[in-house]
Each structure stands twice: as structure tokens, then as C-alpha cells.
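Student: This is the structure, below, for whatever I ask next.
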Amino acid sequence: TEQECIEGVVRLQTIYDNNQYQRDRQYAPTGDQLDMLWHSIDAGEFGDTAKQSEFYTANKAVKDANPKP
């Protein structure tokens, strides 16, 4: 019925409105986030043991093999 259609639209609008925060959150691209993480580890912000992690050592090897010009 028309009433059911209206109720369905209202339900969908409510769901859409309640999830606005998901559309508003605009994080940096994944690669940029990982680079920020690597630099934080490199700066010692997570303690020295973080530099022994597979994440850090693998990325450090790539960075060392391909330095910025």
C-alpha cells in the first residue's frame, strides 16, 4: 500500500540519517596511514621493540633499498 511505501521510505531515511558519521569520516588513504605508522615507530613512539616487528623491518628494507632522491 501507499502507507507501507511511505513507512519504508521513512525507515530508510532514518537509517541514512543515523549513519551520517560514516559518510563524514574521511581518513587519509591507507598508504598514507601506514606511512604515518612507520614514521611513528621509527621515531620510537611505540618503544624500541616495535622496530623488531615484521611490519617495521619489511617496510624499512623497502625504504632503505629505495631512498628518496
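By convention here, the chains of the C-alpha cells are called A, B, ... in the order presented, each chain's residues are numbered starting at 1, and ligands are numbered starting at 1 in the order presented.
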Within 12 Å of stretch 42-46 of chain A, counting only C-alpha atoms, which residues show up once you throw out same-chain ones fewer than 4 positions away? Write them as a compact mmCIF listing (two decimals) with N, CA, C and O atoms, in the first residue's frame, please.
Tutor:
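File part-v4.txt, as written:
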```
# COMPACT_ATOMS: atom_id res chain seq x y z
N ASP A 35 52.23 4.84 6.29
CA ASP A 35 53.46 5.63 6.33
C ASP A 35 53.55 6.39 7.65
O ASP A 35 54.63 6.47 8.26
N MET A 36 52.43 6.94 8.12
CA MET A 36 52.43 7.63 9.41
C MET A 36 52.79 6.66 10.53
O MET A 36 53.56 7.01 11.44
N LEU A 37 52.25 5.45 10.47
CA LEU A 37 52.55 4.43 11.47
C LEU A 37 54.03 4.10 11.45
O LEU A 37 54.68 4.03 12.49
N TRP A 38 54.58 3.91 10.26
CA TRP A 38 56.00 3.58 10.15
C TRP A 38 56.86 4.69 10.75
O TRP A 38 57.79 4.42 11.51
N ALA A 50 59.14 -2.18 18.94
CA ALA A 50 58.32 -2.02 17.73
C ALA A 50 59.19 -2.08 16.49
O ALA A 50 58.74 -2.51 15.42
N LYS A 51 60.45 -1.69 16.62
CA LYS A 51 61.36 -1.72 15.47
C LYS A 51 61.78 -3.14 15.11
O LYS A 51 62.44 -3.35 14.10
N GLN A 52 61.41 -4.10 15.92
CA GLN A 52 61.71 -5.51 15.62
C GLN A 52 60.52 -6.20 14.94
O GLN A 52 60.61 -7.36 14.56
N SER A 53 59.42 -5.49 14.80
CA SER A 53 58.22 -6.10 14.22
C SER A 53 58.40 -6.35 12.73
O SER A 53 59.18 -5.69 12.04
N PHE A 55 56.25 -5.73 10.46
CA PHE A 55 55.78 -4.54 9.74
C PHE A 55 56.92 -3.55 9.53
O PHE A 55 57.16 -3.07 8.43
N TYR A 56 57.63 -3.24 10.61
CA TYR A 56 58.69 -2.24 10.54
C TYR A 56 59.86 -2.73 9.70
O TYR A 56 60.34 -2.03 8.82
N THR A 57 60.33 -3.93 9.96
CA THR A 57 61.53 -4.40 9.26
C THR A 57 61.28 -4.57 7.77
O THR A 57 62.15 -4.25 6.96
N ASN A 59 59.08 -2.89 5.91
CA ASN A 59 58.97 -1.58 5.30
C ASN A 59 60.30 -0.82 5.32
O ASN A 59 60.62 -0.09 4.38
N LYS A 60 61.11 -1.03 6.34
CA LYS A 60 62.42 -0.39 6.40
C LYS A 60 63.30 -0.91 5.26
O LYS A 60 64.03 -0.14 4.63
N LYS A 63 62.25 0.90 2.17
CA LYS A 63 62.69 2.29 2.22
C LYS A 63 64.21 2.40 2.04
O LYS A 63 64.68 3.29 1.33
```
Student: Give me, please, the distance in Å between atom CA of A:Glu4 and atom CA of A:Gln22, quoted to one decimal.
Tutor: 27.7 Å
Student: For the structure I just gave you, how does DSSP split stretch 8-53 of chain A - specifically, which residues are alpha helix (DSSP H)? Reply as a PyMOL selection string.
Tutor: chain A and resi 8-18+20-24+30-42
